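To be precise, the following lines are my_file_29.cif, and they hold mmCIF, C-alpha atoms.
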data_run
#
loop_
_atom_site.label_atom_id
_atom_site.label_comp_id
_atom_site.auth_asym_id
_atom_site.auth_seq_id
_atom_site.Cartn_x
_atom_site.Cartn_y
_atom_site.Cartn_z
CA MET A 23 -0.17 -22.55 33.00
CA PHE A 24 -0.90 -23.68 36.58
CA GLY A 25 -2.68 -26.98 35.91
CA ALA A 26 -0.36 -29.13 38.07
CA LEU A 27 -1.26 -27.03 41.13
CA ARG A 28 -4.61 -28.82 41.17
CA VAL A 29 -2.72 -31.74 42.71
CA ARG A 30 -2.56 -31.24 46.50
CA ASN A 31 0.74 -33.02 47.04
CA PHE A 32 2.45 -30.97 44.34
CA ARG A 33 0.99 -27.75 45.77
CA LEU A 34 2.54 -28.57 49.15
CA TYR A 35 5.84 -29.51 47.59
CA VAL A 36 6.28 -26.55 45.25
CA SER A 37 5.28 -24.04 47.97
CA ALA A 38 7.83 -25.42 50.44
CA ASN A 39 10.40 -25.73 47.67
CA LEU A 40 10.04 -22.03 46.93
CA VAL A 41 10.95 -21.17 50.54
CA SER A 42 13.83 -23.65 50.58
CA GLN A 43 15.22 -22.40 47.27
CA VAL A 44 15.22 -18.80 48.53
CA GLY A 45 17.52 -20.01 51.29
CA THR A 46 19.64 -21.97 48.81
CA TRP A 47 20.18 -18.92 46.60
CA MET A 48 21.03 -16.82 49.65
CA GLN A 49 23.72 -19.35 50.53
CA ARG A 50 25.08 -19.40 46.97
CA ILE A 51 25.53 -15.63 46.97
CA GLY A 52 26.95 -15.74 50.49
CA GLN A 53 29.36 -18.54 49.63
CA ASP A 54 30.66 -16.82 46.49
CA TRP A 55 31.15 -13.56 48.36
CA LEU A 56 32.83 -15.35 51.28
CA VAL A 57 35.31 -17.04 48.92
CA LEU A 58 36.17 -13.70 47.32
CA GLN A 59 36.72 -12.22 50.79
CA LEU A 60 38.94 -15.08 51.97
CA SER A 61 40.94 -15.44 48.73
CA GLY A 62 41.55 -11.82 47.81
CA ASN A 63 39.15 -11.76 44.84
CA SER A 64 40.57 -14.89 43.21
CA GLY A 65 38.56 -16.15 40.24
CA VAL A 66 40.39 -19.48 40.45
CA ALA A 67 39.38 -19.95 44.10
CA LEU A 68 35.79 -19.19 43.14
CA GLY A 69 36.00 -21.75 40.33
CA VAL A 70 37.54 -24.36 42.64
CA THR A 71 34.72 -23.91 45.16
CA THR A 72 32.14 -24.36 42.43
CA ALA A 73 34.01 -27.40 41.11
CA LEU A 74 34.08 -29.01 44.56
CA GLN A 75 30.37 -28.42 44.97
CA PHE A 76 29.45 -29.90 41.60
CA GLY A 77 32.28 -32.42 41.19
CA PRO A 78 30.56 -35.14 43.25
CA THR A 79 27.85 -35.15 40.59
CA LEU A 80 30.17 -37.26 38.43
CA LEU A 81 30.84 -39.76 41.20
CA PHE A 82 27.55 -40.09 43.06
CA SER A 83 24.66 -38.96 40.82
CA PHE A 84 24.17 -42.36 39.26
CA TYR A 85 24.07 -43.97 42.69
CA GLY A 86 21.45 -41.35 43.57
CA GLY A 87 19.48 -42.45 40.50
CA VAL A 88 19.68 -46.09 41.61
CA LEU A 89 18.41 -45.08 45.07
CA ALA A 90 15.56 -43.14 43.44
CA ASP A 91 14.54 -46.15 41.31
CA ARG A 92 14.94 -48.63 44.18
CA TYR A 93 13.58 -46.91 47.31
CA ASP A 94 10.75 -44.65 48.42
CA LYS A 95 11.69 -41.26 46.93
CA ARG A 96 9.89 -39.28 49.63
CA ARG A 97 11.97 -40.87 52.41
CA VAL A 98 15.19 -40.40 50.45
CA LEU A 99 14.37 -36.69 50.07
CA MET A 100 13.62 -36.20 53.77
CA LEU A 101 17.05 -37.62 54.64
CA THR A 102 19.01 -35.61 52.07
CA GLN A 103 17.23 -32.36 52.92
CA ALA A 104 18.02 -32.80 56.62
CA VAL A 105 21.72 -33.42 55.94
CA MET A 106 22.00 -30.35 53.68
CA GLY A 107 20.43 -28.25 56.43
CA VAL A 108 23.07 -29.43 58.90
CA LEU A 109 25.90 -28.56 56.48
CA ALA A 110 24.53 -25.04 55.97
CA LEU A 111 24.24 -24.59 59.73
CA GLY A 112 27.86 -25.64 60.22
CA LEU A 113 29.16 -23.10 57.70
CA GLY A 114 27.03 -20.36 59.24
CA LEU A 115 28.39 -21.04 62.72
CA LEU A 116 31.99 -21.00 61.45
CA VAL A 117 31.48 -17.59 59.86
CA ALA A 118 29.54 -16.21 62.85
CA THR A 119 32.32 -17.22 65.26
CA ASP A 120 35.00 -15.77 62.92
CA THR A 121 36.82 -19.11 62.72
CA VAL A 122 36.18 -19.82 59.05
CA ALA A 123 39.04 -20.48 56.65
CA LEU A 124 39.00 -21.06 52.90
CA TRP A 125 39.56 -24.79 53.35
CA HIS A 126 36.42 -24.97 55.52
CA VAL A 127 34.42 -23.61 52.60
CA TYR A 128 36.03 -26.12 50.26
CA VAL A 129 35.22 -29.09 52.53
CA LEU A 130 31.63 -28.05 53.20
CA ALA A 131 31.03 -27.24 49.53
CA ALA A 132 32.23 -30.75 48.63
CA GLY A 133 29.98 -32.28 51.31
CA LEU A 134 27.01 -30.33 50.01
CA GLY A 135 27.85 -31.55 46.51
CA VAL A 136 27.83 -35.20 47.60
CA VAL A 137 24.43 -34.94 49.29
CA SER A 138 22.99 -32.85 46.45
CA SER A 139 24.09 -35.45 43.88
CA LEU A 140 22.04 -38.05 45.79
CA ASP A 141 19.12 -35.66 46.24
CA THR A 142 18.71 -34.37 42.68
CA PRO A 143 17.68 -37.59 40.82
CA ALA A 144 15.15 -38.45 43.53
CA ARG A 145 13.77 -34.89 43.60
CA GLN A 146 13.41 -34.64 39.83
CA SER A 147 11.86 -38.09 39.35
CA PHE A 148 9.54 -37.56 42.35
CA VAL A 149 7.70 -34.86 40.37
CA SER A 150 6.19 -37.50 38.06
CA GLU A 151 4.98 -39.51 41.08
CA MET A 152 3.14 -36.47 42.42
CA VAL A 153 1.37 -35.37 39.23
CA GLY A 154 1.45 -38.28 36.73
CA PRO A 155 2.33 -38.05 33.03
CA GLY A 156 -0.55 -35.73 32.11
CA TYR A 157 0.78 -32.80 34.14
CA LEU A 158 4.47 -33.69 34.03
CA ALA A 159 5.64 -31.07 31.51
CA ASN A 160 3.62 -28.39 33.29
CA ALA A 161 4.94 -29.48 36.70
CA VAL A 162 8.54 -29.34 35.48
CA GLY A 163 7.92 -25.78 34.30
CA LEU A 164 6.25 -24.79 37.58
CA ASN A 165 9.07 -26.35 39.57
CA SER A 166 11.55 -24.29 37.57
CA THR A 167 9.34 -21.24 38.10
CA ALA A 168 9.58 -21.69 41.87
CA PHE A 169 13.33 -22.22 41.57
CA ASN A 170 13.77 -19.01 39.60
CA ALA A 171 11.34 -17.00 41.71
CA ALA A 172 13.67 -17.92 44.55
CA ARG A 173 16.59 -16.94 42.35
CA LEU A 174 14.93 -13.56 41.97
CA ILE A 175 14.36 -13.09 45.69
CA GLY A 176 17.34 -14.87 47.26
CA PRO A 177 20.28 -12.95 45.73
CA ALA A 178 18.70 -9.55 46.38
CA VAL A 179 17.92 -10.46 50.01
CA ALA A 180 21.39 -11.97 50.46
CA GLY A 181 23.10 -8.87 49.07
CA ALA A 182 21.06 -6.61 51.34
CA ILE A 183 21.73 -8.79 54.42
CA ILE A 184 25.47 -8.99 53.73
CA ALA A 185 25.64 -5.22 53.27
CA ALA A 186 23.58 -4.61 56.45
CA SER A 187 25.77 -7.03 58.42
CA GLY A 188 28.92 -5.13 57.60
CA GLY A 189 30.07 -7.72 55.04
CA SER A 190 29.35 -10.81 57.17
CA THR A 191 27.87 -13.72 55.19
CA ALA A 192 26.85 -15.76 58.28
CA PRO A 193 23.10 -14.84 58.13
CA THR A 194 22.77 -16.23 54.59
CA PHE A 195 23.92 -19.67 55.73
CA LEU A 196 21.81 -19.68 58.90
CA VAL A 197 18.65 -18.70 57.02
CA ASN A 198 19.29 -21.44 54.46
CA ALA A 199 19.73 -24.02 57.24
CA ALA A 200 16.31 -23.12 58.64
CA SER A 201 14.62 -23.19 55.20
CA PHE A 202 15.11 -26.96 54.77
CA ALA A 203 12.54 -27.53 57.53
CA PHE A 204 9.77 -26.33 55.18
CA THR A 205 10.52 -29.00 52.57
CA ILE A 206 10.72 -31.76 55.19
CA ALA A 207 7.38 -30.64 56.67
CA ALA A 208 5.75 -30.67 53.20
CA LEU A 209 7.04 -34.18 52.49
CA LEU A 210 5.67 -35.40 55.84
CA GLY A 211 2.30 -33.76 55.13
CA MET A 212 1.69 -35.44 51.76
CA ARG A 213 -1.06 -38.00 51.20
CA ALA A 214 0.85 -41.15 50.35
CA ARG A 215 -2.22 -42.80 48.76
CA GLU A 216 -2.35 -40.05 46.10
CA LEU A 217 1.23 -40.64 44.91
CA ARG A 218 1.94 -42.69 41.79
CA PRO A 219 5.10 -44.63 42.69
CA SER A 220 6.83 -46.53 39.90
CA VAL A 221 7.65 -50.22 40.25
CA PRO A 222 10.88 -50.42 42.32
CA ALA A 223 13.95 -51.52 40.42
CA ALA A 224 15.31 -54.92 41.42
CA ARG A 225 18.43 -55.12 43.56
CA THR A 226 20.60 -56.54 40.81
CA GLY A 227 23.98 -55.72 39.29
CA GLY A 228 24.54 -54.10 35.93
CA GLN A 229 22.11 -51.21 36.45
CA LEU A 230 24.62 -48.66 35.15
CA ARG A 231 25.20 -50.78 32.05
CA ALA A 232 21.43 -51.08 31.57
CA ALA A 233 21.03 -47.28 31.71
CA LEU A 234 23.91 -46.72 29.28
CA ALA A 235 22.53 -49.35 26.90
CA TYR A 236 19.10 -47.70 27.09
CA THR A 237 20.68 -44.35 26.19
CA ARG A 238 22.61 -45.86 23.26
CA ARG A 239 19.32 -47.13 21.82
CA HIS A 240 17.83 -43.64 21.90
CA PRO A 241 19.78 -41.05 19.83
CA ASP A 242 17.38 -38.36 21.00
CA LEU A 243 18.60 -38.83 24.57
CA GLN A 244 22.20 -38.69 23.37
CA LEU A 245 21.50 -35.29 21.79
CA ALA A 246 19.97 -34.00 25.03
CA LEU A 247 22.95 -35.23 27.06
CA LEU A 248 25.45 -33.59 24.68
CA LEU A 249 23.68 -30.23 24.80
CA ALA A 250 23.20 -30.46 28.57
CA PHE A 251 26.91 -31.15 29.08
CA THR A 252 27.97 -28.26 26.85
CA ILE A 253 25.58 -25.68 28.26
CA GLY A 254 26.12 -26.83 31.86
CA THR A 255 29.91 -26.82 31.54
CA PHE A 256 30.55 -23.63 29.58
CA GLY A 257 27.32 -21.61 29.82
CA PHE A 258 25.87 -22.01 33.31
CA ASN A 259 28.66 -20.23 35.20
CA SER A 260 26.78 -17.05 36.10
CA GLN A 261 27.81 -17.34 39.76
CA ILE A 262 31.42 -16.83 38.63
CA THR A 263 31.06 -14.52 35.64
CA ILE A 264 28.57 -12.10 37.19
CA ALA A 265 30.57 -11.84 40.43
CA LEU A 266 33.79 -11.09 38.52
CA MET A 267 32.08 -8.61 36.20
CA ALA A 268 30.65 -6.78 39.23
CA ARG A 269 34.00 -6.48 40.97
CA GLU A 270 36.53 -6.19 38.13
CA VAL A 271 34.71 -4.46 35.27
CA PHE A 272 32.28 -2.26 37.20
CA GLY A 273 34.17 -2.00 40.55
CA LEU A 274 31.03 -2.54 42.63
CA GLY A 275 30.22 -4.33 45.90
CA ALA A 276 27.92 -7.04 47.23
CA GLY A 277 24.72 -5.04 46.78
CA ALA A 278 25.36 -4.48 43.07
CA PHE A 279 26.36 -8.12 42.64
CA GLY A 280 23.07 -9.20 44.21
CA LEU A 281 21.12 -6.89 41.90
CA LEU A 282 22.89 -8.25 38.81
CA SER A 283 22.04 -11.78 39.92
CA THR A 284 18.46 -10.61 40.41
CA CYS A 285 18.32 -9.31 36.83
CA PHE A 286 19.48 -12.70 35.59
CA ALA A 287 16.83 -14.27 37.84
CA ILE A 288 14.07 -12.05 36.41
CA GLY A 289 14.87 -13.41 32.98
CA SER A 290 15.07 -16.95 34.32
CA LEU A 291 11.68 -16.61 35.97
CA SER A 292 10.20 -15.25 32.74
CA GLY A 293 11.64 -18.18 30.78
CA ALA A 294 10.32 -20.68 33.32
CA LEU A 295 6.83 -19.14 33.22
CA LEU A 296 6.80 -19.29 29.43
CA SER A 297 7.82 -22.95 29.65
CA THR A 298 4.85 -23.88 31.87
CA ARG A 299 2.53 -23.57 28.88
CA ARG A 300 4.16 -26.56 27.22
CA SER A 301 2.18 -29.78 27.56
CA THR A 302 4.02 -32.00 25.07
CA ARG A 303 7.58 -33.18 24.57
CA PRO A 304 9.79 -30.51 22.93
CA LEU A 305 11.24 -31.12 19.48
CA GLN A 306 14.94 -31.79 19.02
CA ARG A 307 15.37 -28.69 16.87
CA PHE A 308 13.86 -26.57 19.67
CA LEU A 309 16.64 -27.71 22.02
CA ILE A 310 19.28 -26.78 19.43
CA VAL A 311 17.83 -23.36 18.61
CA SER A 312 17.40 -22.42 22.28
CA ALA A 313 21.02 -23.48 22.99
CA VAL A 314 22.33 -21.31 20.13
CA VAL A 315 20.29 -18.29 21.24
CA PHE A 316 21.62 -18.65 24.79
CA GLY A 317 25.21 -18.80 23.52
CA VAL A 318 24.74 -15.67 21.39
CA LEU A 319 23.35 -13.74 24.35
CA LEU A 320 26.32 -14.78 26.49
CA VAL A 321 28.72 -13.39 23.90
CA ILE A 322 26.83 -10.09 23.65
CA SER A 323 26.72 -9.82 27.47
CA GLY A 324 30.49 -10.17 27.60
CA LEU A 325 30.85 -7.23 25.21
CA MET A 326 28.92 -4.84 27.48
CA ARG A 327 30.97 -2.20 29.31
CA ASP A 328 28.09 -0.25 30.84
CA TYR A 329 26.65 -1.54 34.12
CA TYR A 330 23.04 -0.80 33.22
CA ALA A 331 23.34 -2.25 29.72
CA PHE A 332 24.89 -5.39 31.19
CA ALA A 333 22.13 -5.66 33.80
CA ALA A 334 19.42 -5.23 31.12
CA LEU A 335 20.97 -7.88 28.87
CA LEU A 336 21.08 -10.38 31.74
CA VAL A 337 17.27 -10.55 31.61
CA PRO A 338 16.94 -12.15 28.12
CA THR A 339 20.07 -14.22 28.82
CA GLY A 340 18.45 -15.69 31.92
CA ALA A 341 15.23 -16.33 30.00
CA ALA A 342 17.09 -18.19 27.24
CA ALA A 343 18.97 -20.26 29.83
CA LEU A 344 15.78 -21.45 31.51
CA ILE A 345 13.85 -22.05 28.31
CA PHE A 346 16.62 -24.44 27.27
CA SER A 347 16.93 -26.01 30.73
CA VAL A 348 13.21 -26.70 31.19
CA ALA A 349 12.82 -27.97 27.64
CA CYS A 350 15.78 -30.33 28.01
CA ASN A 351 14.51 -31.64 31.36
CA SER A 352 11.01 -32.25 29.97
CA PHE A 353 12.48 -33.81 26.84
CA VAL A 354 14.36 -36.39 28.92
CA GLN A 355 11.59 -37.10 31.46
CA LEU A 356 8.91 -37.57 28.80
CA GLY A 357 11.16 -39.82 26.71
CA VAL A 358 12.01 -42.56 29.22
CA GLU A 359 10.20 -45.45 30.86
CA PRO A 360 9.14 -44.89 34.51
CA GLN A 361 11.33 -47.74 35.81
CA MET A 362 14.40 -46.11 34.20
CA ARG A 363 13.58 -42.47 35.00
CA GLY A 364 15.76 -42.12 38.09
CA ARG A 365 18.87 -43.56 36.43
CA ILE A 366 18.43 -41.68 33.14
CA LEU A 367 17.83 -38.43 35.02
CA ALA A 368 20.99 -39.18 36.99
CA LEU A 369 22.90 -39.47 33.71
CA TYR A 370 21.27 -36.24 32.54
CA PHE A 371 22.34 -34.33 35.65
CA MET A 372 25.79 -35.91 35.49
CA ALA A 373 26.02 -34.39 32.03
CA PHE A 374 24.47 -31.07 33.04
CA MET A 375 26.46 -30.49 36.23
CA GLY A 376 29.26 -33.02 35.96
CA GLY A 377 31.25 -30.81 33.61
CA THR A 378 31.23 -27.94 36.10
CA PRO A 379 34.42 -29.16 37.87
CA VAL A 380 36.19 -28.61 34.55
CA GLY A 381 34.23 -25.65 33.22
CA ALA A 382 34.11 -23.53 36.39
CA PRO A 383 37.88 -23.40 37.04
CA LEU A 384 38.51 -22.98 33.30
CA ILE A 385 36.09 -20.05 33.06
CA GLY A 386 37.60 -18.63 36.25
CA TRP A 387 41.12 -18.94 34.81
CA ILE A 388 40.10 -17.37 31.49
CA SER A 389 38.44 -14.50 33.35
CA GLU A 390 41.53 -14.00 35.51
CA ARG A 391 44.00 -14.29 32.62
CA PHE A 392 42.21 -12.37 29.88
CA GLY A 393 39.62 -10.37 31.81
CA ALA A 394 36.17 -11.08 33.24
CA PRO A 395 34.28 -10.45 29.95
CA TRP A 396 36.08 -13.35 28.27
CA GLY A 397 34.52 -15.78 30.71
CA LEU A 398 31.16 -14.94 29.15
CA ILE A 399 32.41 -14.62 25.57
CA GLY A 400 34.40 -17.86 25.59
CA GLY A 401 31.61 -19.89 27.18
CA GLY A 402 29.08 -18.49 24.72
CA LEU A 403 31.23 -19.34 21.70
CA VAL A 404 31.62 -22.97 22.81
CA CYS A 405 27.83 -23.28 23.27
CA ILE A 406 27.19 -21.84 19.81
CA VAL A 407 29.70 -24.09 18.04
CA VAL A 408 28.53 -27.34 19.68
CA ALA A 409 24.81 -26.60 19.30
CA ALA A 410 25.24 -25.51 15.68
CA GLY A 411 27.27 -28.66 14.98
CA ALA A 412 24.55 -30.82 16.52
CA GLY A 413 22.00 -28.96 14.40
CA ALA A 414 24.00 -29.63 11.24
CA VAL A 415 24.15 -33.35 12.06
CA LEU A 416 20.41 -33.42 12.75
CA ALA A 417 19.64 -31.56 9.51
CA ARG A 418 21.80 -34.00 7.56
CA GLY A 419 19.97 -36.89 9.19
CA ARG A 420 16.66 -35.47 8.04
CA ARG A 421 17.86 -35.68 4.44
CA VAL A 422 18.44 -39.41 4.77
CA ARG A 423 15.64 -41.18 2.96
CA LEU A 424 14.25 -44.66 3.25
CA GLU A 425 13.88 -46.21 -0.18
CA MET A 426 12.18 -49.49 -0.92
CA HIS A 427 13.28 -51.19 -4.16
CA VAL A 428 11.00 -53.68 -5.85
CA VAL A 429 13.26 -56.34 -7.34
CA PRO A 430 11.23 -59.49 -7.98
CA PRO A 431 10.84 -61.83 -6.35
CA SER A 432 11.84 -60.03 -3.14
CA LEU A 433 11.89 -56.55 -1.64
CA HIS A 434 15.11 -54.84 -0.58
CA LEU A 435 15.31 -51.89 1.80
CA HIS A 436 18.31 -49.56 1.86
CA ILE A 437 19.15 -46.08 3.10
CA ALA A 438 20.45 -43.43 0.72
CA ALA A 439 21.75 -40.01 1.81
CA THR A 440 20.64 -38.32 -1.42
CA PRO A 441 18.23 -35.40 -1.84
CA PRO A 442 14.65 -36.24 -2.71
CA VAL A 443 14.01 -37.07 -6.39
CA SER A 444 11.01 -38.22 -8.33
CA ALA A 445 10.55 -41.95 -7.92
CA PRO A 446 11.09 -43.87 -11.18
CA PRO A 447 8.83 -46.74 -12.13
CA GLY A 448 9.19 -49.71 -9.86
CA ARG A 449 10.47 -47.69 -6.86
CA VAL A 450 8.46 -46.33 -3.97
CA THR A 451 10.24 -43.50 -2.15
CA GLY A 452 9.18 -42.06 1.19
CA SER A 453 11.07 -39.68 3.45
CA ALA A 454 11.64 -40.48 7.09
CA GLU A 455 9.86 -37.94 9.25
CA GLU A 456 11.69 -36.13 12.02
CA ALA A 457 10.99 -37.83 15.30
CA ASP A 458 11.97 -37.00 18.85
CA GLY A 459 11.81 -40.65 19.72
CA GLU A 460 12.39 -43.60 17.45
CA VAL A 461 11.37 -43.76 13.79
CA PRO A 462 8.72 -46.46 13.33
CA GLY A 463 9.91 -49.45 11.33
CA GLU A 464 8.78 -50.01 7.78
CA GLN A 465 6.55 -53.00 7.26
CA VAL A 466 8.00 -54.87 4.28
CA ALA A 467 5.75 -57.20 2.25
CA GLY A 468 3.80 -58.38 5.25
CA GLY A 469 7.02 -59.40 7.02
CA PRO A 470 8.53 -58.06 10.24
CA ALA A 471 9.32 -54.38 10.67
CA ARG A 472 12.81 -53.62 9.37
#
Reformat the file's structure so that it appears as structure tokens.
Amino acid sequence: MFGALRVRNFRLYVSANLVSQVGTWMQRIGQDWLVLQLSGNSGVALGVTTALQFGPTLLFSFYGGVLADRYDKRRVLMLTQAVMGVLALGLGLLVATDTVALWHVYVLAAGLGVVSSLDTPARQSFVSEMVGPGYLANAVGLNSTAFNAARLIGPAVAGAIIAASGGSTAPTFLVNAASFAFTIAALLGMRARELRPSVPAARTGGQLRAALAYTRRHPDLQLALLLAFTIGTFGFNSQITIALMAREVFGLGAGAFGLLSTCFAIGSLSGALLSTRRSTRPLQRFLIVSAVVFGVLLVISGLMRDYYAFAALLVPTGAAALIFSVACNSFVQLGVEPQMRGRILALYFMAFMGGTPVGAPLIGWISERFGAPWGLIGGGLVCIVVAAGAGAVLARGRRVRLEMHVVPPSLHLHIAATPPVSAPPGRVTGSAEEADGEVPGEQVAGGPAR
């Protein structure tokens, strides 16, 4: 479960990342609560803020992937972490001096989104350089464990600090600004000779087209991107749905909101810990099943009208969310060539977070128009339908059989979408096995693979 921690550089990184992520989750809770304060509890304003923070993912993530493939990832991360610290400090000072306005939050959220879109591909692909392919799946799980341990701690601390400060969110931003120093110190303290850098990508044009062409050649990656887009757009909106459920359905304050987020984080941490035991690439059907389970739990959560029942159900919902997320991340990272990893991960995170500018305001509008529970119910139904549809397509593909007909003097290969039958004389029938990568070619009569 903790094999990747044997690597010194990764130990340094994941420890500092835990501290930094606690600060990040404190800021997320503080930012959401600040928007509700400034906007008069507007779900649309909350959705717009989220959209501005994640919208730059669509515009800049791929450029971040190019930077990750082209330059030293450690130096890129030191720069992006420093800039994000400055942005958090600026928001904290605005709130502390009582000069903050809603548009300030919008602008700084967008700025944070731009820098984060450049940071994420480098940060995710840097994991493989620290631990190598043998520990990669385990390291992805441990990284998510640290992220969700912070998600467990950060919201509860943020809620307590906001309540103790008389409703002021300034301390959450100031603490987050200071937390970036830990990650920068860990990056500076690494042993460069123990890293496994990939061969830098050449400074040539057409790198986006090359990444898209690579994805088109791998249907398994297309499945992962589809599920990531659906779950990220319609399912991963807990910062909106939980906040609105706390205020509108249960009529509670910041402390209760923080505790609900903590319950979700407990489940997320449990799911991440379970995922650390994986050492191989997940199967495609595992991604589909985990996506369906997550969608079902979202729907059930939306039906809860008791605070304690809702809080209890957030635990398995958070676990299902992280089991899918870690599996999908590992599935992509273990299925691409090292020289393409930064760009493909950029496409993956564009899919995962790029739909948030559409999904977050939509979920906010649905919650405002029809009630907070429908934000959960509607998002869960979309996740179920898309994942089940992808599963039906995959199941149909498994029924496709490769049949080799012997028609002297040559052999002919064709594909028939018929159920298995007994092979008549003169025909050799073999079913194509399910594969998470590519199906090996059939060798025909000593000729090339077809």
Within 12 Å of stretch 268-275 of chain A: each stretch 88-201 of chain A residue with its shortest pair, all atoms listed in the file, as JSON lines:
{"residue": "A:Gly181", "atom": "CA", "partner": "A:Gly275", "partner_atom": "CA", "distance": 9.0}
{"residue": "A:Ala182", "atom": "CA", "partner": "A:Gly275", "partner_atom": "CA", "distance": 10.9}
{"residue": "A:Ile184", "atom": "CA", "partner": "A:Gly275", "partner_atom": "CA", "distance": 10.3}
{"residue": "A:Ala185", "atom": "CA", "partner": "A:Gly275", "partner_atom": "CA", "distance": 8.7}
{"residue": "A:Gly188", "atom": "CA", "partner": "A:Gly275", "partner_atom": "CA", "distance": 11.8}
{"residue": "A:Gly189", "atom": "CA", "partner": "A:Gly275", "partner_atom": "CA", "distance": 9.7}
Considering all atoms listed in the file, return as a PyMOL selection string whatever protein or nucleic-acid residues lie within 6 Å of stretch 48-64 of chain A, sequence-local ones (same chain, fewer than 6 positions apart) excluded. chain A and resi 176-177+180+191+194-195
Dump as an mmCIF file, keeping the file's coordinate frame, selection limited to C-alpha atoms:
data_model
loop_
_atom_site.group_PDB
_atom_site.id
_atom_site.type_symbol
_atom_site.label_atom_id
_atom_site.label_comp_id
_atom_site.auth_asym_id
_atom_site.auth_seq_id
_atom_site.Cartn_x
_atom_site.Cartn_y
_atom_site.Cartn_z
ATOM 1 C CA GLY A 176 17.340 -14.870 47.260
ATOM 2 C CA PRO A 177 20.280 -12.950 45.730
ATOM 3 C CA ALA A 180 21.390 -11.970 50.460
ATOM 4 C CA THR A 191 27.870 -13.720 55.190
ATOM 5 C CA THR A 194 22.770 -16.230 54.590
ATOM 6 C CA PHE A 195 23.920 -19.670 55.730
#
Residues at most 12 Å from stretch 137-140 of chain A, counting all atoms listed in the file, excluding those fewer than 5 positions away in the same chain, as a PyMOL selection string? chain A and resi 46+74-91+95+98-110+130-132+145-146+364-365+367-372+374-376
Writer output for current selection, C-alpha atoms, as a compact mmCIF listing (two decimals), in the frame of the given file:
# COMPACT_ATOMS: atom_id res chain seq x y z
CA THR A 46 19.64 -21.97 48.81
CA LEU A 74 34.08 -29.01 44.56
CA GLN A 75 30.37 -28.42 44.97
CA PHE A 76 29.45 -29.90 41.60
CA GLY A 77 32.28 -32.42 41.19
CA PRO A 78 30.56 -35.14 43.25
CA THR A 79 27.85 -35.15 40.59
CA LEU A 80 30.17 -37.26 38.43
CA LEU A 81 30.84 -39.76 41.20
CA PHE A 82 27.55 -40.09 43.06
CA SER A 83 24.66 -38.96 40.82
CA PHE A 84 24.17 -42.36 39.26
CA TYR A 85 24.07 -43.97 42.69
CA GLY A 86 21.45 -41.35 43.57
CA GLY A 87 19.48 -42.45 40.50
CA VAL A 88 19.68 -46.09 41.61
CA LEU A 89 18.41 -45.08 45.07
CA ALA A 90 15.56 -43.14 43.44
CA ASP A 91 14.54 -46.15 41.31
CA LYS A 95 11.69 -41.26 46.93
CA VAL A 98 15.19 -40.40 50.45
CA LEU A 99 14.37 -36.69 50.07
CA MET A 100 13.62 -36.20 53.77
CA LEU A 101 17.05 -37.62 54.64
CA THR A 102 19.01 -35.61 52.07
CA GLN A 103 17.23 -32.36 52.92
CA ALA A 104 18.02 -32.80 56.62
CA VAL A 105 21.72 -33.42 55.94
CA MET A 106 22.00 -30.35 53.68
CA GLY A 107 20.43 -28.25 56.43
CA VAL A 108 23.07 -29.43 58.90
CA LEU A 109 25.90 -28.56 56.48
CA ALA A 110 24.53 -25.04 55.97
CA LEU A 130 31.63 -28.05 53.20
CA ALA A 131 31.03 -27.24 49.53
CA ALA A 132 32.23 -30.75 48.63
CA ARG A 145 13.77 -34.89 43.60
CA GLN A 146 13.41 -34.64 39.83
CA GLY A 364 15.76 -42.12 38.09
CA ARG A 365 18.87 -43.56 36.43
CA LEU A 367 17.83 -38.43 35.02
CA ALA A 368 20.99 -39.18 36.99
CA LEU A 369 22.90 -39.47 33.71
CA TYR A 370 21.27 -36.24 32.54
CA PHE A 371 22.34 -34.33 35.65
CA MET A 372 25.79 -35.91 35.49
CA PHE A 374 24.47 -31.07 33.04
CA MET A 375 26.46 -30.49 36.23
CA GLY A 376 29.26 -33.02 35.96
Using all atoms listed in the file, which protein or nucleic acid residues come within 6 Å of stretch 346-357 of chain A? Drop anything in the same chain fewer than 4 positions from it, and give the result as an MDAnalysis selection string. chainID A and resid 159 303:304 312
Could you dump the residues just selected with C-alpha atoms as a PDB file, in the coordinates of the input?
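Written file, selection_24.pdb:
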ATOM      1  CA  ALA A 159       5.640 -31.070  31.510  1.00  0.00           C
ATOM      2  CA  ARG A 303       7.580 -33.180  24.570  1.00  0.00           C
ATOM      3  CA  PRO A 304       9.790 -30.510  22.930  1.00  0.00           C
ATOM      4  CA  SER A 312      17.400 -22.420  22.280  1.00  0.00           C
TER       5      SER A 312
END
In terms of the shortest atom-to-atom distance over only C-alpha atoms, which of A:Gly397, A:Pro241, A:Gly293, A:Gly211 is closest to A:Arg33? A:Gly211
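Of note, atom CA of A:Ala233 and atom CA of A:Met152 are spaced 23.5 Å apart.
Protein, DNA and RNA residues at most 10 Å from (14.5, -22.8, 37.4), with only C-alpha atoms, are these: Gln43, Val162, Gly163, Leu164, Asn165, Ser166, Thr167, Ala168, Phe169, Asn170, Ala171, Ala172, Arg173, Ala287, Ser290, Leu291, Ser292, Gly293, Ala294, Leu295, Gly340, Ala341, Ala343, Leu344, Ile345, Ser347 and Val348 of chain A.
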Option closest in space to A:Ser190, from A:Ala232, A:Ala207, A:Leu384, A:Val122 [counting all atoms listed in the file]: A:Val122
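Surrounding residues of (37.5, -27.7, 51.2) at most 12 Å away are A:Val57, A:Ala67, A:Leu68, A:Val70, A:Thr71, A:Thr72, A:Ala73, A:Leu74, A:Gln75, A:Leu113, A:Val122, A:Ala123, A:Leu124, A:Trp125, A:His126, A:Val127, A:Tyr128, A:Val129, A:Leu130, A:Ala131, A:Ala132, A:Gly133, A:Leu134, A:Gly135 (based on only C-alpha atoms).
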